[in-house]
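Source file: upload30.csv. Holds: CSV, C-alpha atoms.
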chain,number,residue,atom,x,y,z
A,61,MET,CA,0.0,0.0,0.0
A,62,ASP,CA,1.3,3.4,-1.0
A,63,PHE,CA,0.7,6.8,0.6
A,64,LYS,CA,0.7,10.3,-0.6
A,65,ASN,CA,0.4,12.9,2.1
A,66,GLU,CA,-0.3,16.6,1.6
A,67,LYS,CA,-0.8,19.4,4.1
A,68,GLN,CA,-3.8,21.5,3.1
A,69,GLY,CA,-4.6,24.3,5.5
A,70,ALA,CA,-5.1,22.9,8.9
A,71,PHE,CA,-5.5,19.4,7.7
A,72,MET,CA,-3.0,16.6,6.8
A,73,VAL,CA,-4.5,14.8,3.9
A,74,VAL,CA,-3.5,11.1,3.7
A,75,VAL,CA,-4.1,9.4,0.4
A,76,PRO,CA,-3.8,5.6,0.7
A,77,ALA,CA,-3.5,3.9,-2.6
A,78,GLY,CA,-4.2,0.2,-3.4
A,79,ARG,CA,-5.7,-2.4,-1.1
A,80,MET,CA,-6.4,-2.1,2.6
A,81,ASP,CA,-6.7,-5.8,3.5
A,82,ALA,CA,-5.7,-8.0,6.5
A,83,VAL,CA,-2.1,-8.0,5.2
A,84,THR,CA,-1.7,-4.3,4.4
A,85,ALA,CA,-4.1,-2.5,6.8
A,86,PRO,CA,-1.5,-2.2,9.6
A,87,GLU,CA,0.5,0.0,7.2
A,88,PHE,CA,-2.2,2.5,7.2
A,89,GLU,CA,-2.4,2.5,11.0
A,90,GLN,CA,1.4,2.9,11.2
A,91,GLU,CA,1.4,5.8,8.7
A,92,CYS,CA,-1.3,7.6,10.7
A,93,GLU,CA,0.5,6.9,14.0
A,94,ARG,CA,3.7,8.4,12.5
A,95,LEU,CA,1.7,11.6,11.5
A,96,ILE,CA,0.0,11.8,15.0
A,97,GLN,CA,3.5,11.5,16.6
A,98,SER,CA,4.6,14.4,14.5
A,99,GLY,CA,1.7,16.5,15.8
A,100,GLU,CA,-0.8,16.1,13.0
A,101,LEU,CA,-4.1,15.8,14.8
A,102,LYS,CA,-6.5,17.0,12.1
A,103,MET,CA,-6.6,14.5,9.3
A,104,VAL,CA,-8.5,13.9,6.1
A,105,ALA,CA,-8.3,10.4,4.5
A,106,ASP,CA,-8.8,10.8,0.8
A,107,MET,CA,-10.0,7.3,-0.3
A,108,SER,CA,-10.2,8.0,-4.0
A,109,ALA,CA,-7.1,5.8,-4.8
A,110,LEU,CA,-8.2,2.9,-2.6
A,111,GLU,CA,-9.5,-0.1,-4.7
A,112,TYR,CA,-10.5,-2.4,-1.8
A,113,ILE,CA,-11.1,-2.4,1.9
A,114,SER,CA,-12.0,-5.2,4.3
A,115,SER,CA,-12.9,-5.4,8.0
A,116,ALA,CA,-9.2,-5.3,8.7
A,117,GLY,CA,-9.0,-1.9,7.0
A,118,LEU,CA,-12.0,-0.7,9.0
A,119,ARG,CA,-10.3,-1.8,12.2
A,120,SER,CA,-7.2,0.2,11.4
A,121,ILE,CA,-9.3,3.3,10.7
A,122,LEU,CA,-11.2,2.9,13.9
A,123,ALA,CA,-8.0,2.4,15.9
A,124,THR,CA,-6.6,5.6,14.3
A,125,ALA,CA,-9.8,7.5,15.0
A,126,LYS,CA,-9.8,6.5,18.6
A,127,LYS,CA,-6.2,7.7,19.0
A,128,LEU,CA,-7.0,11.0,17.4
A,129,LYS,CA,-10.1,11.5,19.5
A,130,GLY,CA,-8.1,10.8,22.7
A,131,GLN,CA,-5.9,13.8,21.8
A,132,GLN,CA,-8.8,16.1,20.7
A,133,GLY,CA,-8.0,15.4,17.1
A,134,GLU,CA,-10.2,14.3,14.3
A,135,ILE,CA,-10.4,12.3,11.0
A,136,ARG,CA,-12.6,13.1,8.1
A,137,PHE,CA,-13.1,11.1,4.9
A,138,CYS,CA,-13.6,12.0,1.2
A,139,GLY,CA,-13.5,10.3,-2.2
A,140,LEU,CA,-15.4,7.1,-1.2
A,141,GLU,CA,-16.3,5.1,-4.3
A,142,GLY,CA,-17.4,1.7,-5.4
A,143,MET,CA,-16.9,-1.2,-2.9
A,144,VAL,CA,-15.1,1.1,-0.5
A,145,GLU,CA,-18.2,3.3,-0.2
A,146,GLU,CA,-20.4,0.2,0.1
A,147,VAL,CA,-18.3,-1.3,2.9
A,148,PHE,CA,-18.3,2.1,4.7
A,149,SER,CA,-22.0,2.3,4.5
A,150,ILE,CA,-22.9,-1.2,5.6
A,151,SER,CA,-20.5,-1.1,8.6
A,152,GLY,CA,-22.0,2.3,9.8
A,153,PHE,CA,-18.7,4.1,9.2
A,154,SER,CA,-20.3,6.6,6.9
A,155,SER,CA,-22.5,7.8,9.7
A,156,MET,CA,-19.9,7.5,12.4
A,157,PHE,CA,-17.4,9.8,10.6
A,158,PRO,CA,-17.7,13.0,8.7
A,159,VAL,CA,-17.8,12.0,5.1
A,160,PHE,CA,-17.5,14.5,2.2
A,161,ASP,CA,-17.7,14.1,-1.5
A,162,THR,CA,-14.6,16.0,-2.4
A,163,ARG,CA,-11.3,16.9,-0.7
A,164,ASP,CA,-12.1,20.6,-1.0
A,165,ASP,CA,-15.3,20.1,1.0
A,166,ALA,CA,-13.4,18.0,3.6
A,167,ILE,CA,-10.8,20.6,4.4
A,168,LYS,CA,-13.2,23.5,4.9
A,169,ASP,CA,-13.1,25.3,8.3
B,92,MET,CA,-19.2,-31.7,-16.9
B,93,ASP,CA,-17.7,-31.3,-13.4
B,94,GLN,CA,-17.6,-27.6,-12.6
B,95,THR,CA,-16.1,-28.0,-9.1
B,96,SER,CA,-12.5,-27.6,-8.3
B,97,THR,CA,-10.9,-27.5,-4.9
B,98,PHE,CA,-8.0,-25.4,-3.7
B,99,ARG,CA,-6.2,-26.2,-0.4
B,100,VAL,CA,-3.7,-23.9,1.4
B,101,SER,CA,-2.3,-23.7,4.9
B,102,ALA,CA,-4.4,-21.4,7.1
B,103,SER,CA,-1.9,-18.6,7.2
B,104,ARG,CA,-2.7,-15.0,6.4
B,105,ASP,CA,0.2,-14.9,3.9
B,106,ASN,CA,-2.0,-17.1,1.7
B,107,LEU,CA,-4.8,-14.5,1.5
B,108,SER,CA,-4.0,-13.3,-2.0
B,109,LYS,CA,-3.6,-16.9,-3.3
B,110,ILE,CA,-7.0,-18.0,-2.2
B,111,GLN,CA,-8.6,-14.8,-3.4
B,112,HIS,CA,-6.9,-15.3,-6.8
B,113,PHE,CA,-8.2,-18.9,-7.0
B,114,VAL,CA,-11.8,-17.9,-6.3
B,115,LEU,CA,-11.8,-14.9,-8.7
B,116,GLU,CA,-10.2,-17.0,-11.4
B,117,ARG,CA,-12.8,-19.8,-11.0
B,118,ALA,CA,-15.6,-17.2,-10.9
B,119,GLU,CA,-14.4,-15.7,-14.1
B,120,ALA,CA,-14.1,-19.1,-15.8
B,121,LEU,CA,-17.7,-19.9,-14.7
B,122,GLY,CA,-18.9,-16.7,-16.3
B,123,VAL,CA,-19.6,-14.8,-13.1
B,124,PRO,CA,-19.9,-11.1,-14.0
B,125,ASP,CA,-17.3,-8.6,-12.8
B,126,SER,CA,-19.9,-6.8,-10.7
B,127,LEU,CA,-19.7,-9.6,-8.2
B,128,ARG,CA,-15.9,-9.6,-8.1
B,129,SER,CA,-15.3,-7.3,-5.1
B,130,LYS,CA,-18.1,-8.9,-3.1
B,131,LEU,CA,-16.5,-12.3,-3.6
B,132,GLU,CA,-13.0,-10.9,-2.9
B,133,LEU,CA,-14.2,-9.4,0.4
B,134,VAL,CA,-16.1,-12.5,1.6
B,135,VAL,CA,-13.1,-14.8,0.8
B,136,GLU,CA,-10.9,-12.5,2.9
B,137,GLU,CA,-13.2,-12.3,5.8
B,138,VAL,CA,-13.8,-16.1,5.9
B,139,PHE,CA,-10.2,-17.0,5.3
B,140,ILE,CA,-8.7,-14.5,7.8
B,141,ASN,CA,-11.2,-15.7,10.5
B,142,ILE,CA,-10.0,-19.3,10.0
B,143,ALA,CA,-6.4,-18.2,9.9
B,144,SER,CA,-6.8,-16.2,13.1
B,145,TYR,CA,-8.9,-18.5,15.2
B,146,ALA,CA,-9.5,-22.0,13.9
B,147,TYR,CA,-6.2,-23.6,14.8
B,148,SER,CA,-4.8,-22.6,18.2
B,149,GLU,CA,-1.8,-24.9,17.6
B,150,GLY,CA,-1.3,-23.6,14.1
B,151,GLY,CA,-0.6,-25.7,11.1
B,152,GLY,CA,-4.1,-26.3,9.8
B,153,THR,CA,-5.4,-26.1,6.3
B,154,VAL,CA,-8.3,-24.4,4.5
B,155,GLU,CA,-10.1,-25.8,1.4
B,156,ALA,CA,-12.1,-23.6,-0.9
B,157,ASP,CA,-14.3,-24.7,-3.8
B,158,CYS,CA,-16.6,-23.0,-6.2
B,159,ALA,CA,-19.3,-24.0,-8.6
B,160,LEU,CA,-22.4,-22.7,-10.3
B,161,ASP,CA,-25.6,-23.8,-8.7
B,162,GLY,CA,-28.4,-22.9,-11.1
B,163,ARG,CA,-28.4,-19.1,-11.3
B,164,ARG,CA,-26.2,-18.8,-8.2
B,165,PHE,CA,-22.4,-18.9,-7.5
B,166,ARG,CA,-21.6,-21.3,-4.7
B,167,LEU,CA,-18.5,-20.8,-2.6
B,168,ARG,CA,-17.6,-23.3,0.1
B,169,PHE,CA,-14.9,-23.3,2.8
B,170,VAL,CA,-13.8,-26.3,4.8
B,171,ASP,CA,-11.5,-26.4,7.8
B,172,HIS,CA,-10.6,-28.8,10.5
B,173,GLY,CA,-10.4,-26.2,13.3
B,174,ILE,CA,-12.5,-25.5,16.4
B,175,PRO,CA,-16.2,-25.2,15.7
B,176,PHE,CA,-17.2,-21.7,14.6
B,177,ASP,CA,-20.7,-20.8,13.3
B,178,PRO,CA,-20.6,-17.4,11.7
B,179,THR,CA,-24.3,-17.6,11.0
B,180,GLY,CA,-25.0,-17.5,14.8
B,181,GLN,CA,-23.2,-14.2,15.4
B,182,GLY,CA,-25.3,-11.1,16.1
B,183,PRO,CA,-24.6,-7.8,14.4
B,184,PRO,CA,-22.0,-5.4,15.7
B,185,ASP,CA,-22.9,-2.0,17.2
B,186,THR,CA,-23.0,-0.2,13.8
B,187,HIS,CA,-24.8,2.9,15.4
B,188,GLU,CA,-22.3,3.6,18.1
B,189,ASP,CA,-19.9,6.6,18.0
B,190,VAL,CA,-16.1,6.4,17.8
B,191,ASP,CA,-15.7,6.2,21.6
B,192,HIS,CA,-18.1,3.4,22.1
B,193,ARG,CA,-17.6,1.4,18.9
B,194,THR,CA,-15.7,-1.8,19.6
B,195,ILE,CA,-13.1,-3.2,17.3
B,196,GLY,CA,-14.2,-6.5,16.0
B,197,GLY,CA,-17.2,-8.4,14.8
B,198,LEU,CA,-17.3,-6.5,11.5
B,199,GLY,CA,-15.8,-9.3,9.3
B,200,VAL,CA,-18.6,-11.8,10.1
B,201,PHE,CA,-21.2,-9.0,9.6
B,202,LEU,CA,-19.8,-8.2,6.2
B,203,ILE,CA,-20.0,-11.9,5.2
B,204,GLN,CA,-23.6,-11.9,6.3
B,205,LYS,CA,-24.4,-8.8,4.3
B,206,MET,CA,-22.6,-9.8,1.1
B,207,ALA,CA,-23.7,-13.4,0.7
B,208,ASP,CA,-27.3,-14.1,-0.3
B,209,GLU,CA,-27.4,-17.3,1.7
B,210,ILE,CA,-25.0,-18.8,4.3
B,211,ARG,CA,-25.1,-22.3,5.7
B,212,TYR,CA,-22.9,-23.6,8.4
B,213,GLU,CA,-22.5,-27.3,9.2
B,214,ARG,CA,-20.2,-29.1,11.7
B,215,GLN,CA,-19.5,-32.5,10.2
B,216,GLU,CA,-17.6,-34.5,12.8
B,217,ASP,CA,-14.4,-32.5,13.2
B,218,VAL,CA,-14.9,-30.3,10.2
B,219,ASN,CA,-16.4,-26.8,9.7
B,220,VAL,CA,-18.2,-26.5,6.4
B,221,LEU,CA,-19.4,-23.0,5.4
B,222,THR,CA,-21.4,-22.7,2.2
B,223,MET,CA,-22.4,-19.4,0.7
B,224,HIS,CA,-24.5,-18.5,-2.3
B,225,PHE,CA,-24.4,-15.4,-4.4
B,226,THR,CA,-27.2,-14.7,-6.8
B,227,LEU,CA,-25.8,-13.8,-10.2
B,228,PRO,CA,-26.9,-10.4,-11.5
B,229,GLN,CA,-29.3,-10.2,-14.5
B,230,GLU,CA,-26.5,-9.9,-17.1
B,231,ALA,CA,-25.1,-13.3,-16.1
B,232,SER,CA,-28.5,-14.9,-16.2
B,233,ALA,CA,-28.9,-13.8,-19.7
B,234,ALA,CA,-25.5,-15.4,-20.6
B,235,GLN,CA,-26.4,-18.6,-18.9
B,236,GLU,CA,-29.7,-18.8,-20.8
B,237,TYR,CA,-27.8,-18.3,-24.0
B,238,ASP,CA,-25.4,-21.2,-23.0
B,239,ASP,CA,-28.3,-23.5,-22.2
B,240,GLU,CA,-29.8,-22.7,-25.6
B,241,GLU,CA,-26.6,-23.5,-27.3
B,242,LYS,CA,-26.3,-26.8,-25.5
B,243,LYS,CA,-29.7,-27.8,-26.6
B,244,LEU,CA,-28.8,-27.0,-30.2
B,245,VAL,CA,-25.7,-29.3,-29.9

Translate the structure of the given file into structure tokens.
Amino acid sequence: MDFKNEKQGAFMVVVPAGRMDAVTAPEFEQECERLIQSGELKMVADMSALEYISSAGLRSILATAKKLKGQQGEIRFCGLEGMVEEVFSISGFSSMFPVFDTRDDAIKD
Amino acid sequence: MDQTSTFRVSASRDNLSKIQHFVLERAEALGVPDSLRSKLELVVEEVFINIASYAYSEGGGTVEADCALDGRRFRLRFVDHGIPFDPTGQGPPDTHEDVDHRTIGGLGVFLIQKMADEIRYERQEDVNVLTMHFTLPQEASAAQEYDDEEKKLV
């Protein structure tokens, strides 16, 4: 799994690319952990380059969100498409997290 | 014509992509449309990772997968020799809780239940048999009809 990170305003935008499965999901958690350690507490995960996500991916996202919340941080999502959007919706993640259509919408305020 | 073929791997998460590849390749060969692909991929992962994580406390067990067309449905079956585990008997996770109260876990089985159109679990002596059916979308039914028609002509 590859990452492209970009600071936009107050937010650190993380763009995971590829597959977030039981083998690769820990990489997402580690990447976010690294960013949290360096003081990035406002994050946007732009999921538009993600082809696939399983419950292991959801687990990594929830673990990251809990860490951020514990430090008064937050994580928002944008660019959900196809099966990634479907898995977010079925699992209740779409209502648990702030979800935006585009990155521009996600980084407002 | 025998449309069933079986794939056996050791129940180790390193084999995830191998078993996904097997099922997707079989599905394609059986004419299952691409629109079912990610659903199958996800279900294979959730079932396989569950077995790899919990079935064999001593390690070293195997998982068998086989696929076939069953009328207008795609049948996917997993067999393991691990401890009994019935995924059809698990309740839904707390999908309405907030980040603080949401617990980590239970989502894999929930996704299997949501993605498959039918799930059947059987414990046969010391073996877990999990059979799932996926209804083929309309496009595939049309192709199937065409095939049946062709067979009649031959």

Go through chain B and flag each residue having an atom no more than 10 Å from chain A; for those, report the closest pair of atoms plus their distance in Å to one decimal, using all atoms listed in the file, ordered by chain and rising number, as CSV.
residue,atom,partner,partner_atom,distance
B:Arg104,CA,A:Val83,CA,7.1
B:Asp105,CA,A:Val83,CA,7.4
B:Asn106,CA,A:Val83,CA,9.8
B:Leu107,CA,A:Val83,CA,8.0
B:Ser108,CA,A:Val83,CA,9.1
B:Arg128,CA,A:Met143,CA,9.9
B:Ser129,CA,A:Met143,CA,6.7
B:Lys130,CA,A:Met143,CA,7.8
B:Glu132,CA,A:Tyr112,CA,8.9
B:Leu133,CA,A:Ser114,CA,6.1
B:Val134,CA,A:Ser114,CA,8.8
B:Glu136,CA,A:Ser114,CA,7.5
B:Glu137,CA,A:Ser115,CA,7.2
B:Ile140,CA,A:Ala82,CA,7.3
B:Pro183,CA,A:Ser151,CA,9.8
B:Pro184,CA,A:Ser151,CA,8.4
B:Asp185,CA,A:Gly152,CA,8.6
B:Thr186,CA,A:Gly152,CA,4.8
B:His187,CA,A:Gly152,CA,6.3
B:Glu188,CA,A:Met156,CA,7.3
B:Asp189,CA,A:Met156,CA,5.7
B:Val190,CA,A:Lys126,CA,6.4
B:Asp191,CA,A:Lys126,CA,6.6
B:His192,CA,A:Lys126,CA,9.5
B:Arg193,CA,A:Leu122,CA,8.3
B:Thr194,CA,A:Leu122,CA,8.7
B:Ile195,CA,A:Arg119,CA,6.0
B:Gly196,CA,A:Arg119,CA,7.2
B:Gly197,CA,A:Ser115,CA,8.6
B:Leu198,CA,A:Ser115,CA,5.7
B:Gly199,CA,A:Ser115,CA,5.0
B:Val200,CA,A:Ser115,CA,8.8
B:Phe201,CA,A:Ser151,CA,8.0
B:Leu202,CA,A:Ser151,CA,7.5
B:Lys205,CA,A:Ile150,CA,7.9
B:Met206,CA,A:Val147,CA,9.7

Sel. within 8 Å of pt (-20.0, -19.8, -11.3), counting all atoms listed in the file, output as a ChimeraX atom specification: /B:117-123,158-161,164-166

Nearest candidate to A:Pro86 (options A:Met61, A:Ile167, A:Cys138, A:Val159; using all atoms listed in the file):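 So, comparing all the options, the nearest one is A:Met61.
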
Residues within 12 Å of A:Glu66, please, as a compact mmCIF listing (two decimals) with C-alpha atoms, in the frame of the given file. Count only C-alpha atoms; anything in the same chain fewer than 3 positions from it doesn't count.
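Dumped to part.txt:
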# COMPACT_ATOMS: atom_id res chain seq x y z
CA PHE A 63 0.70 6.80 0.60
CA GLY A 69 -4.60 24.30 5.50
CA ALA A 70 -5.10 22.90 8.90
CA PHE A 71 -5.50 19.40 7.70
CA MET A 72 -3.00 16.60 6.80
CA VAL A 73 -4.50 14.80 3.90
CA VAL A 74 -3.50 11.10 3.70
CA VAL A 75 -4.10 9.40 0.40
CA PRO A 76 -3.80 5.60 0.70
CA LEU A 95 1.70 11.60 11.50
CA GLU A 100 -0.80 16.10 13.00
CA MET A 103 -6.60 14.50 9.30
CA VAL A 104 -8.50 13.90 6.10
CA ALA A 105 -8.30 10.40 4.50
CA ASP A 106 -8.80 10.80 0.80
CA ARG A 163 -11.30 16.90 -0.70
CA ILE A 167 -10.80 20.60 4.40

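Here atom CA of B:Ile174 is placed at a distance of 13.3 Å from atom CA of B:Tyr212.
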
Exercise: B:Val220 partners within 9 Å, all atoms listed in the file, chain neighbours under 4 positions left out, as a PyMOL selection string: chain B and resi 168-172+211-215

Nearest residue to B:Thr226 from the set B:Ile142, B:Pro178, B:Leu127, B:Phe98 (distances using all atoms listed in the file):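 Counting all atoms listed in the file, the residue closest to B:Thr226 is B:Leu127.
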
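Here atom CA of B:Met223 is placed at a distance of 6.1 Å from atom CA of B:Ala207.
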
Distance of atom CA of B:Phe139 from atom CA of B:Gly162, expressed in Å to one decimal place: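 Going from atom CA of B:Gly162 over to atom CA of B:Phe139, I get 25.2 Å.
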
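Residues within 6 Å of stretch 147-154 of chain B, counting all atoms listed in the file and excluding same-chain residues fewer than 5 positions away, are Arg99, Val100, Ser101, Ala102, Val170, Asp171 and Gly173 of chain B.
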
Who sits within 10 Å of A:Leu128, only C-alpha atoms, same chain under 4 positions skipped, as a PyMOL selection string: chain A and resi 92-93+96+100-103+122-124+132-135

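If you measure from each of A:Gln68, A:Gln90, A:Thr162, A:Gln131 to A:Met107 using all atoms listed in the file, the closest one turns out to be A:Thr162.
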
Rebuild stretch 122-157 of chain B so that it carries N, CA and C atoms, then output the result as an mmCIF file, in the coordinates of the input.
data_model
loop_
_atom_site.group_PDB
_atom_site.id
_atom_site.type_symbol
_atom_site.label_atom_id
_atom_site.label_comp_id
_atom_site.auth_asym_id
_atom_site.auth_seq_id
_atom_site.Cartn_x
_atom_site.Cartn_y
_atom_site.Cartn_z
ATOM 1 N N GLY B 122 -18.091 -17.723 -15.700
ATOM 2 C CA GLY B 122 -18.900 -16.700 -16.300
ATOM 3 C C GLY B 122 -19.589 -15.750 -15.317
ATOM 4 N N VAL B 123 -19.073 -15.719 -14.084
ATOM 5 C CA VAL B 123 -19.600 -14.800 -13.100
ATOM 6 C C VAL B 123 -19.232 -13.364 -13.491
ATOM 7 N N PRO B 124 -20.186 -12.454 -13.562
ATOM 8 C CA PRO B 124 -19.900 -11.100 -14.000
ATOM 9 C C PRO B 124 -18.970 -10.332 -13.059
ATOM 10 N N ASP B 125 -18.231 -9.365 -13.622
ATOM 11 C CA ASP B 125 -17.300 -8.600 -12.800
ATOM 12 C C ASP B 125 -17.932 -7.831 -11.675
ATOM 13 N N SER B 126 -19.222 -7.542 -11.799
ATOM 14 C CA SER B 126 -19.900 -6.800 -10.700
ATOM 15 C C SER B 126 -19.932 -7.530 -9.409
ATOM 16 N N LEU B 127 -19.729 -8.851 -9.447
ATOM 17 C CA LEU B 127 -19.700 -9.600 -8.200
ATOM 18 C C LEU B 127 -18.300 -9.752 -7.617
ATOM 19 N N ARG B 128 -17.315 -9.335 -8.390
ATOM 20 C CA ARG B 128 -15.900 -9.600 -8.100
ATOM 21 C C ARG B 128 -15.495 -9.071 -6.674
ATOM 22 N N SER B 129 -15.769 -7.804 -6.393
ATOM 23 C CA SER B 129 -15.300 -7.300 -5.100
ATOM 24 C C SER B 129 -16.022 -7.852 -3.941
ATOM 25 N N LYS B 130 -17.299 -8.201 -4.156
ATOM 26 C CA LYS B 130 -18.100 -8.900 -3.100
ATOM 27 C C LYS B 130 -17.441 -10.217 -2.765
ATOM 28 N N LEU B 131 -17.074 -10.973 -3.795
ATOM 29 C CA LEU B 131 -16.500 -12.300 -3.600
ATOM 30 C C LEU B 131 -15.104 -12.147 -2.911
ATOM 31 N N GLU B 132 -14.332 -11.184 -3.390
ATOM 32 C CA GLU B 132 -13.000 -10.900 -2.900
ATOM 33 C C GLU B 132 -13.083 -10.655 -1.345
ATOM 34 N N LEU B 133 -14.052 -9.830 -0.985
ATOM 35 C CA LEU B 133 -14.200 -9.400 0.400
ATOM 36 C C LEU B 133 -14.650 -10.621 1.268
ATOM 37 N N VAL B 134 -15.620 -11.391 0.778
ATOM 38 C CA VAL B 134 -16.100 -12.500 1.600
ATOM 39 C C VAL B 134 -14.991 -13.567 1.735
ATOM 40 N N VAL B 135 -14.222 -13.805 0.676
ATOM 41 C CA VAL B 135 -13.100 -14.800 0.800
ATOM 42 C C VAL B 135 -12.137 -14.279 1.861
ATOM 43 N N GLU B 136 -11.811 -12.995 1.841
ATOM 44 C CA GLU B 136 -10.900 -12.500 2.900
ATOM 45 C C GLU B 136 -11.449 -12.668 4.275
ATOM 46 N N GLU B 137 -12.693 -12.267 4.471
ATOM 47 C CA GLU B 137 -13.200 -12.300 5.800
ATOM 48 C C GLU B 137 -13.322 -13.745 6.355
ATOM 49 N N VAL B 138 -13.726 -14.682 5.509
ATOM 50 C CA VAL B 138 -13.800 -16.100 5.900
ATOM 51 C C VAL B 138 -12.420 -16.641 6.189
ATOM 52 N N PHE B 139 -11.531 -16.407 5.231
ATOM 53 C CA PHE B 139 -10.200 -17.000 5.300
ATOM 54 C C PHE B 139 -9.410 -16.430 6.524
ATOM 55 N N ILE B 140 -9.480 -15.129 6.722
ATOM 56 C CA ILE B 140 -8.700 -14.500 7.800
ATOM 57 C C ILE B 140 -9.284 -14.974 9.183
ATOM 58 N N ASN B 141 -10.599 -15.164 9.248
ATOM 59 C CA ASN B 141 -11.200 -15.700 10.500
ATOM 60 C C ASN B 141 -10.621 -17.084 10.793
ATOM 61 N N ILE B 142 -10.564 -17.931 9.779
ATOM 62 C CA ILE B 142 -10.000 -19.300 10.000
ATOM 63 C C ILE B 142 -8.547 -19.199 10.359
ATOM 64 N N ALA B 143 -7.812 -18.368 9.593
ATOM 65 C CA ALA B 143 -6.400 -18.200 9.900
ATOM 66 C C ALA B 143 -6.094 -17.711 11.269
ATOM 67 N N SER B 144 -7.002 -16.867 11.777
ATOM 68 C CA SER B 144 -6.800 -16.200 13.100
ATOM 69 C C SER B 144 -7.230 -17.090 14.256
ATOM 70 N N TYR B 145 -8.338 -17.845 14.061
ATOM 71 C CA TYR B 145 -8.900 -18.500 15.200
ATOM 72 C C TYR B 145 -9.124 -19.990 15.174
ATOM 73 N N ALA B 146 -9.117 -20.576 13.981
ATOM 74 C CA ALA B 146 -9.500 -22.000 13.900
ATOM 75 C C ALA B 146 -8.506 -22.938 14.537
ATOM 76 N N TYR B 147 -7.234 -22.633 14.337
ATOM 77 C CA TYR B 147 -6.200 -23.600 14.800
ATOM 78 C C TYR B 147 -5.318 -22.938 15.852
ATOM 79 N N SER B 148 -5.600 -23.267 17.120
ATOM 80 C CA SER B 148 -4.800 -22.600 18.200
ATOM 81 C C SER B 148 -3.363 -23.141 18.168
ATOM 82 N N GLU B 149 -3.169 -24.371 17.681
ATOM 83 C CA GLU B 149 -1.800 -24.900 17.600
ATOM 84 C C GLU B 149 -1.102 -24.526 16.320
ATOM 85 N N GLY B 150 -1.863 -23.933 15.389
ATOM 86 C CA GLY B 150 -1.300 -23.600 14.100
ATOM 87 C C GLY B 150 -1.258 -24.820 13.173
ATOM 88 N N GLY B 151 -0.843 -24.598 11.953
ATOM 89 C CA GLY B 151 -0.600 -25.700 11.100
ATOM 90 C C GLY B 151 -1.777 -26.340 10.361
ATOM 91 N N GLY B 152 -2.950 -25.751 10.462
ATOM 92 C CA GLY B 152 -4.100 -26.300 9.800
ATOM 93 C C GLY B 152 -4.240 -25.874 8.346
ATOM 94 N N THR B 153 -5.217 -26.456 7.671
ATOM 95 C CA THR B 153 -5.400 -26.100 6.300
ATOM 96 C C THR B 153 -6.862 -25.559 6.059
ATOM 97 N N VAL B 154 -7.036 -24.906 4.926
ATOM 98 C CA VAL B 154 -8.300 -24.400 4.500
ATOM 99 C C VAL B 154 -8.546 -24.917 3.068
ATOM 100 N N GLU B 155 -9.746 -25.392 2.797
ATOM 101 C CA GLU B 155 -10.100 -25.800 1.400
ATOM 102 C C GLU B 155 -11.197 -24.867 0.938
ATOM 103 N N ALA B 156 -11.072 -24.442 -0.308
ATOM 104 C CA ALA B 156 -12.100 -23.600 -0.900
ATOM 105 C C ALA B 156 -12.563 -24.314 -2.200
ATOM 106 N N ASP B 157 -13.834 -24.319 -2.481
ATOM 107 C CA ASP B 157 -14.300 -24.700 -3.800
ATOM 108 C C ASP B 157 -15.455 -23.895 -4.262
#
